[in-house]
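These notes concern the structure reproduced below.
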Amino acid sequence: MAANAQTAARARTAAQLDRLLKIRTWVIRILVYFLLSFVAFLMLFPFLYMFFTSLKNTQDVFHAPPRLMPYSATTMSINGEDVMVYNFVLEGQEHKMVVDQETGNVPFGFFTTAEEINAADPQSTANVRQVKLADVVDTGREETVGGESFPVYSVSIDGQSQDLLMAYRRGLKRFVDVNDPSVEVFAVERTAPVDEYVDPQFGNYNSVLQLKNLDRALINTSVVTLLVTVGQVTTSLLGGYAFSRIQFRGRDKLFLVYLGTIMIPFVVLIIPLYQLMVIIGWQGKIAALVLPWIFTAYGTFLMRQFFITIPKELEEAALLDGLGRFGILWRIFVPLSGPAIATQAIITFLYAWNSFLWPLVIIGDANTVNHVVTLSLRQLKTAAAAEPNLVLTGAAVAILPPLVLFLLAQRYFVEGIANTGLK
Amino acid sequence: MAVTSRSMGASQPESGKALPALYVIMVWQVLVGGGCLYVASQILQIERIFNLGNFVQIFLAGVFTLIAAASFFSAYRLYQINGTGRLLAMGIDFTGMVLALLYLGHITGLYLGLDTLADGLYRSLSWLWGIALGYMVLWLSWRFPEGNLIRKYGGYAGLGVMAACVVIILLTSGLLLNGISALVTNILRVDSIIVIVVAVIFGMASAYLLRKGDVFGETTSQRDTWQGWLFLMPNFVSFVLFFAGPLLLSFYLSFTDYNPAQQNPAQFVGLSNYTQMLSLSIGTLQNSEQRGAEVIAEGHAELTRFTIGDSTIVIGARDTLFWYSLFNTFNYCLFLLVFSIPPALGLAMLLNSKMPGMKFFRAVFFIPSIAAVVGVALIWQWLYDPTIGYINYAILQVVNFINGLFGSQIADPAVKWLTDERILMLSVVIMAAWQVIGFNSVIFLAGLQGVPRELVEAATVDGANRWTRFRKIILPLLGPTTFFVTITTLIAGLQAFAEPFSLIGENNPSTAKLTSVYYLYNLGFSNFRMGYASAVAWVVFIAIFIVTILQFRFSSSNRAYSD
């Protein structure tokens, strides 16, 4: 009996432990998801900000504190004139109001007690009563607080007359309810709560394309990117095949040289390459963005690394069938290396689309017709400095094509790059 | 291409029976040699060649003389019916043909036609949408299985739409007509015709030699050699023209005072660029009134000073901007590593947990790294804005929260991210790290997935806790991955240019934004001191080289578990 009870107790504690472990796993899971979501938010937020700002109008961008949604101020036509609509909350009720232009500025005094007044900066006194100057009586007296003297007025509050200090005075606009003209509010026009509605400005995309040749730049960048990608993949396929499969004289030494060049940064080449382009006459020409880039030691290396994993037997069988070297490459190697080609094409695409230093140097400001997207963005930044909404629309236009490609070919991006990184 | 699989090396050299056409080719090789010698002599006689200096002239003449010698030698070996001679002659003739055709493209304006192409595409923008539409139709119809009618006719329709749009673009934009007429007029010029004739002779010579493999008793190794070089040709030609050649030129220019804005050609100045750049002078101040410039060597400006005990030591440099930029680059790299690698490893550990949705997060983290730095900098410029930017807004919210929680009186920091000299490089680094973290974590994740599960489980059984498992097993096993990530991040960091250039801006005169490459850019393309800028480029390269070697050493001694 005792042994039985012991087993039962042990089973019970085991069940409890199991439940505890389960809870622990779930807590960890939730924590992991929370952390990952937070990081994902940080990663995506700049893009969200870009997208939402690209839909804003020029006034809304400068709204402080910042907000995401694109707003426009409501306007309404009164006597054939467009006027702003304001949104006041009076006694818990919202009122749509407009400025009564006929009344103009109404002088108001802001009154407070000698105890409450902020003598150093009267305008920031915390507790003031706003009363029309026409409704108060000047007592003619003055009171000095903290070295400053303030006039004393007799102000009627809730039917009782009180002597208060005037902290400051200001002309206020009269706002009237558009539905009920008897409801009125006096307020400063500049800081009055503007009535706004969500209003995405999709037209920004159209107008930014015309600014600074961005549409032409998109075509140029597409042409350059396409040609560079096709060129690099082609030379890498041919070179990779030669290095992996043909025992030609000088192969191993040349391969070492190629490997060494991977380490050489582009900055070493930029000045002589620039001079070379000037000599050939390609300065400011699209040819300068394409032809120097169709060689890639890195791509050749990657292709070679992929090709040496393809079994030799496949090739020998094809050789016996009378297939030439080109036939083998085209019919056997290329179909087998789809993922490798896709990875290289993607890396090249990104590199060509996003490249900046070389276009800046070789196209520069000399030939704006041949600008690529990154150069147009640089120009847009200065040309539209007062319109960040347009600048960010331009950024969105430049970032969208790689983003779309990424969403379509996500697998090749992430897995391809992860694999190349480890080889 | 007549790539054959004939039985190899079967026939013996038929030395006595020389072919008449072979003599023509020998003559041609001699002619080519003579031509190269003539070109070499002409190069030496030109007063100056693109202001690059005598050395380039001598080098080019030397290259042509070498080719001439090779050509003469090949003619001699051809006479002996020697296989190597045939390979050499084939190589010279084939390369000659390729270069002649490339040159033909140059003088007929083929390459500049890319501008016309882009222009034509731009003017027929609406028809490009037609091509896209046709492709959509094609793509959709190919979703259907083989033999389906939609696949067949939809495919035809898509291809038809695409082809029609291409034809319309070619016709309406004038690309076809203008292009052909320009090409024809350019080809009918005398120089073009000469180049074509030369190319044809080169081509015929190499084709003839190619077919005479059995006459020369071609061995497998010889056939592999010409086939290998044939495959490598496009790669190798652009490697020589756009990589190796410029690399040598860069090295040479770093020893000259080359400045294309000046009329006189580049002068060889030896190591003076490097000494100017690296020269430092150290002095000790005698008293506090003394100016720094008094204790350092002439021509040096004060770089920095520090106090040890009673004495103040002043360091001066001839090129202070270089040292500033070097220091900034160093800082940039250091912070980039700190901000991007440990968080990336952490993220990769989280992503490595076997829970649903990890692929989604992995993709999201990767997105920043695919965007252009220039575009990203535009976004961050406004995020960093001191008054309307989200970053200061977020900081203010946190400060208010803390103040509300603890009743403290922390003031709103209102950081001026892009104008405060002390932190603007930090702003750049934060942006760069944001861009690279996802990329690095994807690589770390691939490394983590290569860590054998049994090892980790065995350690768990042995009672190792999470931290110990991470430190003793996972981290050492990740050695090669960490090495790769560190190296790629570091190399990118050492070359940082677009980040400070786009984010801080060209209008900010502060030297705090200067990275080495930014400095190089200013030197080379604002001041046109290209000789000096080349020297800076080589120093950047040497830095990258040293970093790579050091890291390699470090990681190979640290790879106990992995190999």
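To be explicit about the labels: the chains of the structure tokens are called A, B, and onward in the order shown, and within each one the residues are counted from 1, while ligands get numbers from 1 in the order they are shown.
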**Request:** List every residue of segment 91-308 of chain A that DSSP, applied to the backbone of this structure, places in helix (DSSP H, G or I), and write the result as an NGL selection string.
**Result:** :A and (122-124 or 133-135 or 203-245 or 251-262 or 266-280 or 287-293 or 297-307)
Deliver the residues from the most recent selection as a file, using C-alpha atoms, as a compact mmCIF listing (two decimals), in the first residue's frame.
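The result, stored in out.txt:
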# COMPACT_ATOMS: atom_id res chain seq x y z
CA PRO A 122 4.06 86.23 -17.64
CA GLN A 123 3.04 84.42 -20.82
CA SER A 124 3.71 81.05 -19.24
CA LEU A 133 -10.81 93.66 -22.61
CA ALA A 134 -14.12 95.31 -23.35
CA ASP A 135 -15.68 93.48 -20.37
CA GLY A 203 0.03 62.38 -56.55
CA ASN A 204 3.41 62.78 -54.81
CA TYR A 205 4.66 59.75 -56.75
CA ASN A 206 3.71 61.32 -60.02
CA SER A 207 5.24 64.68 -59.23
CA VAL A 208 8.49 63.24 -57.89
CA LEU A 209 9.06 61.30 -61.10
CA GLN A 210 9.18 64.53 -63.00
CA LEU A 211 11.49 66.19 -60.49
CA LYS A 212 15.21 65.78 -61.16
CA ASN A 213 14.74 63.25 -63.98
CA LEU A 214 13.79 60.47 -61.65
CA ASP A 215 11.80 58.69 -64.36
CA ARG A 216 14.68 58.77 -66.79
CA ALA A 217 16.99 57.68 -64.00
CA LEU A 218 14.77 54.67 -63.35
CA ILE A 219 15.07 53.61 -66.99
CA ASN A 220 18.84 54.16 -66.94
CA THR A 221 19.24 52.18 -63.74
CA SER A 222 17.11 49.35 -65.13
CA VAL A 223 19.19 49.20 -68.31
CA VAL A 224 22.45 49.28 -66.35
CA THR A 225 21.31 46.72 -63.79
CA LEU A 226 19.98 44.33 -66.41
CA LEU A 227 23.11 44.48 -68.54
CA VAL A 228 25.51 44.20 -65.61
CA THR A 229 23.60 41.25 -64.17
CA VAL A 230 23.43 39.38 -67.46
CA GLY A 231 27.07 40.21 -68.20
CA GLN A 232 28.37 39.12 -64.80
CA VAL A 233 26.42 35.88 -64.81
CA THR A 234 27.64 35.08 -68.33
CA THR A 235 31.32 35.77 -67.69
CA SER A 236 31.12 33.96 -64.35
CA LEU A 237 29.50 30.89 -65.89
CA LEU A 238 32.14 30.68 -68.61
CA GLY A 239 35.03 31.46 -66.27
CA GLY A 240 33.71 29.22 -63.51
CA TYR A 241 33.42 26.34 -65.94
CA ALA A 242 36.94 26.85 -67.24
CA PHE A 243 38.38 27.00 -63.72
CA SER A 244 36.46 23.99 -62.44
CA ARG A 245 36.56 21.61 -65.38
CA ARG A 251 44.93 27.73 -64.56
CA ASP A 252 45.96 27.36 -60.95
CA LYS A 253 48.21 30.41 -60.95
CA LEU A 254 45.51 32.53 -62.56
CA PHE A 255 42.96 31.26 -60.09
CA LEU A 256 45.19 32.35 -57.23
CA VAL A 257 45.44 35.79 -58.83
CA TYR A 258 41.64 35.92 -59.08
CA LEU A 259 41.30 34.90 -55.45
CA GLY A 260 43.71 37.64 -54.46
CA THR A 261 41.72 40.28 -56.31
CA ILE A 262 38.62 39.55 -54.22
CA PHE A 266 37.15 49.14 -55.28
CA VAL A 267 38.57 52.39 -53.92
CA VAL A 268 42.01 51.37 -55.14
CA LEU A 269 40.68 51.20 -58.68
CA ILE A 270 38.49 54.25 -58.70
CA ILE A 271 41.06 56.83 -59.78
CA PRO A 272 42.75 54.90 -62.58
CA LEU A 273 39.40 53.57 -63.77
CA TYR A 274 38.10 57.13 -63.86
CA GLN A 275 41.13 58.16 -65.92
CA LEU A 276 40.61 55.20 -68.22
CA MET A 277 37.00 56.23 -68.81
CA VAL A 278 38.09 59.80 -69.54
CA ILE A 279 40.63 58.49 -72.04
CA ILE A 280 38.13 56.20 -73.79
CA ALA A 287 28.74 52.48 -71.06
CA ALA A 288 30.99 53.47 -68.14
CA LEU A 289 28.43 52.10 -65.72
CA VAL A 290 28.11 48.79 -67.52
CA LEU A 291 31.23 47.55 -69.27
CA PRO A 292 33.80 47.82 -66.44
CA TRP A 293 31.43 45.83 -64.25
CA ALA A 297 36.35 37.69 -59.54
CA TYR A 298 33.96 36.93 -56.71
CA GLY A 299 31.21 35.68 -59.02
CA THR A 300 33.66 33.57 -60.99
CA PHE A 301 34.88 32.10 -57.74
CA LEU A 302 31.34 31.32 -56.54
CA MET A 303 30.44 29.64 -59.82
CA ARG A 304 33.61 27.59 -59.76
CA GLN A 305 32.88 26.51 -56.19
CA PHE A 306 29.42 25.42 -57.26
CA PHE A 307 30.58 23.65 -60.42
Do me a favour and pick out the residues of chain B within 7 Å of chain A, using only C-alpha atoms, as an mmCIF file with N, CA and C atoms, in the first residue's frame.
data_model
loop_
_atom_site.group_PDB
_atom_site.id
_atom_site.type_symbol
_atom_site.label_atom_id
_atom_site.label_comp_id
_atom_site.auth_asym_id
_atom_site.auth_seq_id
_atom_site.Cartn_x
_atom_site.Cartn_y
_atom_site.Cartn_z
ATOM 1 N N VAL B 3 34.059 22.793 -81.281
ATOM 2 C CA VAL B 3 34.723 22.094 -80.184
ATOM 3 C C VAL B 3 34.494 20.613 -80.404
ATOM 4 N N THR B 4 35.561 19.872 -80.529
ATOM 5 C CA THR B 4 35.411 18.490 -80.969
ATOM 6 C C THR B 4 35.847 17.523 -79.897
ATOM 7 N N SER B 5 35.474 16.297 -80.094
ATOM 8 C CA SER B 5 35.950 15.260 -79.180
ATOM 9 C C SER B 5 36.672 14.189 -79.994
ATOM 10 N N TYR B 111 29.247 51.368 -78.116
ATOM 11 C CA TYR B 111 29.083 51.420 -76.662
ATOM 12 C C TYR B 111 28.296 52.655 -76.242
ATOM 13 N N LEU B 112 28.546 53.753 -76.956
ATOM 14 C CA LEU B 112 27.807 54.961 -76.607
ATOM 15 C C LEU B 112 26.343 54.811 -76.998
ATOM 16 N N LEU B 114 24.453 52.787 -75.881
ATOM 17 C CA LEU B 114 23.681 52.506 -74.670
ATOM 18 C C LEU B 114 22.896 53.736 -74.232
ATOM 19 N N ASP B 115 23.506 54.899 -74.416
ATOM 20 C CA ASP B 115 22.802 56.143 -74.084
ATOM 21 C C ASP B 115 21.558 56.271 -74.945
ATOM 22 N N ALA B 118 18.842 53.844 -73.797
ATOM 23 C CA ALA B 118 18.101 54.314 -72.624
ATOM 24 C C ALA B 118 17.159 55.441 -73.025
ATOM 25 N N TYR B 122 13.150 55.413 -72.782
ATOM 26 C CA TYR B 122 12.484 56.443 -71.998
ATOM 27 C C TYR B 122 11.333 57.055 -72.795
ATOM 28 N N SER B 221 46.343 17.996 -73.244
ATOM 29 C CA SER B 221 46.662 19.164 -72.435
ATOM 30 C C SER B 221 46.635 20.426 -73.300
ATOM 31 N N ASP B 224 43.011 21.231 -73.982
ATOM 32 C CA ASP B 224 42.414 21.825 -72.794
ATOM 33 C C ASP B 224 42.859 23.271 -72.629
ATOM 34 N N THR B 225 44.120 23.518 -72.975
ATOM 35 C CA THR B 225 44.630 24.868 -72.779
ATOM 36 C C THR B 225 43.884 25.867 -73.643
ATOM 37 N N GLY B 228 40.246 26.094 -72.448
ATOM 38 C CA GLY B 228 40.132 26.813 -71.184
ATOM 39 C C GLY B 228 40.238 28.317 -71.378
ATOM 40 N N PHE B 231 37.150 29.785 -73.014
ATOM 41 C CA PHE B 231 36.050 30.014 -72.084
ATOM 42 C C PHE B 231 36.325 31.216 -71.191
ATOM 43 N N LEU B 232 37.587 31.383 -70.868
ATOM 44 C CA LEU B 232 37.949 32.434 -69.925
ATOM 45 C C LEU B 232 38.036 33.801 -70.601
ATOM 46 N N PRO B 234 36.155 36.155 -72.237
ATOM 47 C CA PRO B 234 35.391 37.352 -71.873
ATOM 48 C C PRO B 234 35.757 37.831 -70.477
ATOM 49 N N ASN B 235 35.882 36.859 -69.573
ATOM 50 C CA ASN B 235 36.246 37.150 -68.202
ATOM 51 C C ASN B 235 37.621 37.796 -68.124
ATOM 52 N N SER B 238 38.083 41.440 -69.707
ATOM 53 C CA SER B 238 37.621 42.533 -68.856
ATOM 54 C C SER B 238 38.425 42.602 -67.564
ATOM 55 N N PHE B 239 38.949 41.456 -67.127
ATOM 56 C CA PHE B 239 39.826 41.477 -65.946
ATOM 57 C C PHE B 239 41.063 42.325 -66.217
ATOM 58 N N PHE B 242 39.858 46.208 -67.087
ATOM 59 C CA PHE B 242 39.184 47.011 -66.073
ATOM 60 C C PHE B 242 39.600 46.678 -64.654
ATOM 61 N N PRO B 246 44.097 48.909 -64.452
ATOM 62 C CA PRO B 246 43.896 50.012 -63.514
ATOM 63 C C PRO B 246 44.620 49.810 -62.188
ATOM 64 N N LEU B 247 44.708 48.552 -61.738
ATOM 65 C CA LEU B 247 45.385 48.301 -60.460
ATOM 66 C C LEU B 247 46.849 48.707 -60.552
ATOM 67 N N LEU B 249 48.107 50.790 -62.694
ATOM 68 C CA LEU B 249 48.141 52.238 -62.878
ATOM 69 C C LEU B 249 47.974 52.944 -61.533
ATOM 70 N N SER B 250 47.086 52.419 -60.709
ATOM 71 C CA SER B 250 46.854 53.002 -59.392
ATOM 72 C C SER B 250 48.136 52.971 -58.559
ATOM 73 N N LEU B 350 17.830 33.620 -31.383
ATOM 74 C CA LEU B 350 16.371 33.614 -31.256
ATOM 75 C C LEU B 350 15.737 32.948 -32.476
ATOM 76 N N PHE B 361 10.263 36.332 -39.729
ATOM 77 C CA PHE B 361 11.117 37.295 -39.037
ATOM 78 C C PHE B 361 12.463 37.443 -39.758
ATOM 79 N N VAL B 364 12.033 39.669 -42.619
ATOM 80 C CA VAL B 364 11.853 41.069 -42.225
ATOM 81 C C VAL B 364 13.189 41.694 -41.825
ATOM 82 N N PHE B 365 13.997 40.941 -41.055
ATOM 83 C CA PHE B 365 15.283 41.491 -40.610
ATOM 84 C C PHE B 365 16.205 41.766 -41.789
ATOM 85 N N PRO B 368 16.301 45.693 -44.504
ATOM 86 C CA PRO B 368 17.122 46.909 -44.575
ATOM 87 C C PRO B 368 18.365 46.763 -45.444
ATOM 88 N N ILE B 370 18.797 45.354 -48.234
ATOM 89 C CA ILE B 370 18.665 45.381 -49.693
ATOM 90 C C ILE B 370 18.433 46.787 -50.215
ATOM 91 N N ALA B 371 18.192 47.741 -49.322
ATOM 92 C CA ALA B 371 17.871 49.095 -49.780
ATOM 93 C C ALA B 371 19.151 49.892 -50.039
ATOM 94 N N ALA B 372 19.067 50.807 -50.992
ATOM 95 C CA ALA B 372 20.215 51.645 -51.318
ATOM 96 C C ALA B 372 20.564 52.545 -50.142
ATOM 97 N N VAL B 374 21.830 55.417 -50.129
ATOM 98 C CA VAL B 374 21.407 56.802 -50.347
ATOM 99 C C VAL B 374 19.947 56.987 -49.946
ATOM 100 N N GLY B 375 19.097 56.029 -50.337
ATOM 101 C CA GLY B 375 17.689 56.106 -49.980
ATOM 102 C C GLY B 375 17.499 55.998 -48.473
ATOM 103 N N LEU B 378 18.293 59.120 -46.692
ATOM 104 C CA LEU B 378 17.236 60.139 -46.774
ATOM 105 C C LEU B 378 16.179 59.907 -45.692
ATOM 106 N N ILE B 379 15.849 58.626 -45.475
ATOM 107 C CA ILE B 379 14.858 58.323 -44.437
ATOM 108 C C ILE B 379 15.403 58.725 -43.066
ATOM 109 N N ILE B 388 11.255 67.438 -35.575
ATOM 110 C CA ILE B 388 10.119 66.648 -36.025
ATOM 111 C C ILE B 388 10.468 65.182 -36.231
ATOM 112 N N GLY B 389 11.683 64.764 -35.829
ATOM 113 C CA GLY B 389 12.090 63.382 -36.070
ATOM 114 C C GLY B 389 11.571 62.435 -34.998
ATOM 115 N N TYR B 390 11.393 61.197 -35.392
ATOM 116 C CA TYR B 390 10.844 60.203 -34.481
ATOM 117 C C TYR B 390 11.833 59.805 -33.396
ATOM 118 N N TYR B 393 11.702 62.168 -30.635
ATOM 119 C CA TYR B 393 10.363 62.022 -30.067
ATOM 120 C C TYR B 393 10.330 60.812 -29.140
ATOM 121 N N VAL B 442 21.416 36.581 -40.602
ATOM 122 C CA VAL B 442 21.096 35.479 -41.519
ATOM 123 C C VAL B 442 22.312 34.571 -41.683
ATOM 124 N N ILE B 443 23.496 35.176 -41.747
ATOM 125 C CA ILE B 443 24.702 34.359 -41.887
ATOM 126 C C ILE B 443 24.992 33.598 -40.598
ATOM 127 N N ALA B 446 22.741 30.613 -40.412
ATOM 128 C CA ALA B 446 23.217 29.483 -41.216
ATOM 129 C C ALA B 446 24.317 28.746 -40.466
ATOM 130 N N THR B 481 32.131 31.282 -38.919
ATOM 131 C CA THR B 481 31.051 32.205 -39.270
ATOM 132 C C THR B 481 31.343 33.590 -38.718
ATOM 133 N N PHE B 484 33.868 35.225 -40.777
ATOM 134 C CA PHE B 484 33.346 35.743 -42.035
ATOM 135 C C PHE B 484 32.552 37.027 -41.813
ATOM 136 N N ALA B 498 29.310 56.158 -48.799
ATOM 137 C CA ALA B 498 27.961 56.638 -49.089
ATOM 138 C C ALA B 498 27.215 57.002 -47.810
ATOM 139 N N MET B 530 45.132 63.458 -57.778
ATOM 140 C CA MET B 530 44.863 62.040 -57.953
ATOM 141 C C MET B 530 46.039 61.160 -57.567
ATOM 142 N N SER B 534 45.581 58.355 -54.777
ATOM 143 C CA SER B 534 45.895 56.946 -55.018
ATOM 144 C C SER B 534 46.694 56.378 -53.851
ATOM 145 N N ALA B 537 44.382 55.562 -51.198
ATOM 146 C CA ALA B 537 43.664 54.326 -51.537
ATOM 147 C C ALA B 537 44.500 53.109 -51.179
ATOM 148 N N TRP B 538 45.797 53.185 -51.449
ATOM 149 C CA TRP B 538 46.647 52.026 -51.132
ATOM 150 C C TRP B 538 46.773 51.812 -49.641
ATOM 151 N N PHE B 541 43.752 50.023 -48.640
ATOM 152 C CA PHE B 541 43.894 48.631 -49.057
ATOM 153 C C PHE B 541 44.785 47.861 -48.088
#
Closest atom pairs, residues of segment 294-334 of chain B within 7 Å of segment 273-281 of chain B, only C-alpha atoms, as JSON lines:
{"residue": "B:Ile296", "atom": "CA", "partner": "B:Ser281", "partner_atom": "CA", "distance": 5.6}
{"residue": "B:Ala297", "atom": "CA", "partner": "B:Ser281", "partner_atom": "CA", "distance": 5.9}
{"residue": "B:Ile315", "atom": "CA", "partner": "B:Ser281", "partner_atom": "CA", "distance": 5.8}
{"residue": "B:Gly316", "atom": "CA", "partner": "B:Ser281", "partner_atom": "CA", "distance": 5.0}
{"residue": "B:Ala317", "atom": "CA", "partner": "B:Leu280", "partner_atom": "CA", "distance": 4.5}
{"residue": "B:Arg318", "atom": "CA", "partner": "B:Ser279", "partner_atom": "CA", "distance": 5.9}
{"residue": "B:Asp319", "atom": "CA", "partner": "B:Met277", "partner_atom": "CA", "distance": 5.5}
{"residue": "B:Phe322", "atom": "CA", "partner": "B:Met277", "partner_atom": "CA", "distance": 6.6}
**Message:** With only C-alpha atoms as the counted atoms, please give the residues lying no more than 10 Å from segment 197-210 of chain B, apart from itself and same-chain residues fewer than 5 positions off, as a VMD selection string.
**Reply:** chain B and resid 2 to 3 21 to 22 24 to 26 28 to 29 32 78 86 to 87 89 to 104 191 to 192 215 to 216 223 226
**Asked** atom CA of Leu490 of chain B to atom CA of Cys333 of chain B: how many Å, to one decimal?
**Response**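 Computing it gives 6.1 Å between the two atoms.
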**Item:** Contact residues around segment 166-172 of chain B with only C-alpha atoms at 9 Å, ignoring same-chain residues under 3 positions, as a list in words
**Value:**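 After dropping sequence-adjacent residues, the list is Gly120, Leu121, Arg123, Ser124, Leu125, Trp127, Leu128, Gly130, Ile131, Val161, Met162, Ala163, Leu175, Leu176 and Leu177 of chain B.
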**Prompt:** Quick one, how far is atom CA of Ile504 of chain B from atom CA of Val404 of chain A?
**Reply:**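 Taking atom CA of Ile504 of chain B and atom CA of Val404 of chain A, their separation equals 28.5 Å.
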**Request:** Mind giving me the straight-line distance from atom CA of Gly213 of chain B to atom CA of Gln227 of chain B in Å, one decimal?
**Result:**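 That distance, rounded to one decimal, is 12.6 Å.
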**Item:** Neighbour list for Asn118 of chain A as a list in words, cut-off 12 Å, only C-alpha atoms, skip fewer than 2 positions in-chain
**Value:**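 These residues fall inside the cut-off: Phe111, Thr112, Thr113, Ala114, Glu115, Glu116, Ala120, Asp121, Pro122, Gln123, Ser124, Thr125, Ala126, Asn127, Val128, Thr144, Val145, Gly146, Gly147, Glu148, Ser149, Phe150, Leu165, Met166, Ala167 and Tyr168 of chain A.
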Please produce a file of those selected residues containing N, CA and C atoms, as a JSON list (two decimals), in the first residue's frame.
[["chain", "number", "residue", "atom", "x", "y", "z"],
["A", 111, "PHE", "N", -5.82, 87.22, -17.12],
["A", 111, "PHE", "CA", -5.77, 87.73, -15.75],
["A", 111, "PHE", "C", -5.46, 86.62, -14.77],
["A", 112, "THR", "N", -4.79, 87.05, -13.70],
["A", 112, "THR", "CA", -4.46, 86.07, -12.66],
["A", 112, "THR", "C", -4.22, 86.81, -11.35],
["A", 113, "THR", "N", -3.96, 86.06, -10.30],
["A", 113, "THR", "CA", -3.73, 86.69, -9.00],
["A", 113, "THR", "C", -2.25, 86.97, -8.82],
["A", 114, "ALA", "N", -1.93, 87.80, -7.84],
["A", 114, "ALA", "CA", -0.53, 88.14, -7.57],
["A", 114, "ALA", "C", 0.25, 86.93, -7.12],
["A", 115, "GLU", "N", -0.44, 85.93, -6.49],
["A", 115, "GLU", "CA", 0.26, 84.75, -6.00],
["A", 115, "GLU", "C", 0.64, 83.83, -7.16],
["A", 116, "GLU", "N", -0.25, 83.78, -8.14],
["A", 116, "GLU", "CA", -0.06, 82.78, -9.18],
["A", 116, "GLU", "C", 0.79, 83.28, -10.35],
["A", 120, "ALA", "N", 8.62, 86.35, -14.05],
["A", 120, "ALA", "CA", 9.75, 86.32, -14.99],
["A", 120, "ALA", "C", 9.24, 86.15, -16.43],
["A", 121, "ASP", "N", 8.21, 85.31, -16.59],
["A", 121, "ASP", "CA", 7.69, 85.06, -17.93],
["A", 121, "ASP", "C", 6.17, 85.00, -17.85],
["A", 122, "PRO", "N", 5.52, 86.18, -17.88],
["A", 122, "PRO", "CA", 4.06, 86.23, -17.64],
["A", 122, "PRO", "C", 3.28, 85.34, -18.60],
["A", 123, "GLN", "N", 3.79, 85.19, -19.82],
["A", 123, "GLN", "CA", 3.04, 84.42, -20.82],
["A", 123, "GLN", "C", 2.90, 82.96, -20.45],
["A", 124, "SER", "N", 3.81, 82.46, -19.58],
["A", 124, "SER", "CA", 3.71, 81.05, -19.24],
["A", 124, "SER", "C", 3.09, 80.85, -17.86],
["A", 125, "THR", "N", 2.39, 81.84, -17.38],
["A", 125, "THR", "CA", 1.67, 81.68, -16.12],
["A", 125, "THR", "C", 0.67, 80.53, -16.26],
["A", 126, "ALA", "N", 0.65, 79.68, -15.22],
["A", 126, "ALA", "CA", -0.10, 78.44, -15.38],
["A", 126, "ALA", "C", -1.62, 78.69, -15.42],
["A", 127, "ASN", "N", -2.13, 79.46, -14.50],
["A", 127, "ASN", "CA", -3.58, 79.57, -14.33],
["A", 127, "ASN", "C", -4.03, 80.98, -14.68],
["A", 128, "VAL", "N", -4.53, 81.17, -15.88],
["A", 128, "VAL", "CA", -4.99, 82.51, -16.26],
["A", 128, "VAL", "C", -6.46, 82.44, -16.69],
["A", 144, "THR", "N", 3.31, 95.43, -8.07],
["A", 144, "THR", "CA", 4.64, 94.97, -8.46],
["A", 144, "THR", "C", 4.91, 93.58, -7.90],
["A", 145, "VAL", "N", 5.18, 92.66, -8.76],
["A", 145, "VAL", "CA", 5.54, 91.29, -8.33],
["A", 145, "VAL", "C", 6.90, 90.96, -8.94],
["A", 146, "GLY", "N", 7.83, 90.56, -8.10],
["A", 146, "GLY", "CA", 9.15, 90.16, -8.58],
["A", 146, "GLY", "C", 9.82, 91.22, -9.43],
["A", 147, "GLY", "N", 9.65, 92.48, -9.07],
["A", 147, "GLY", "CA", 10.32, 93.55, -9.78],
["A", 147, "GLY", "C", 9.58, 94.03, -11.01],
["A", 148, "GLU", "N", 8.54, 93.30, -11.44],
["A", 148, "GLU", "CA", 7.75, 93.72, -12.61],
["A", 148, "GLU", "C", 6.42, 94.26, -12.12],
["A", 149, "SER", "N", 5.95, 95.34, -12.80],
["A", 149, "SER", "CA", 4.66, 95.87, -12.36],
["A", 149, "SER", "C", 3.58, 95.44, -13.34],
["A", 150, "PHE", "N", 2.43, 95.07, -12.80],
["A", 150, "PHE", "CA", 1.31, 94.62, -13.62],
["A", 150, "PHE", "C", 0.08, 95.47, -13.31],
["A", 165, "LEU", "N", -4.64, 90.74, -11.60],
["A", 165, "LEU", "CA", -3.53, 91.33, -12.37],
["A", 165, "LEU", "C", -3.63, 90.85, -13.82],
["A", 166, "MET", "N", -3.32, 91.76, -14.75],
["A", 166, "MET", "CA", -3.30, 91.34, -16.14],
["A", 166, "MET", "C", -1.88, 90.86, -16.47],
["A", 167, "ALA", "N", -1.75, 89.56, -16.72],
["A", 167, "ALA", "CA", -0.43, 89.00, -17.03],
["A", 167, "ALA", "C", 0.03, 89.48, -18.42],
["A", 168, "TYR", "N", -0.84, 89.37, -19.39],
["A", 168, "TYR", "CA", -0.50, 89.84, -20.74],
["A", 168, "TYR", "C", -1.79, 90.01, -21.52]]
**Neighbour list for Ala40 of chain B as a PyMOL selection string, cut-off 8 Å, only C-alpha atoms, skip fewer than 5 positions in-chain** = chain B and resi 60-62+64-65
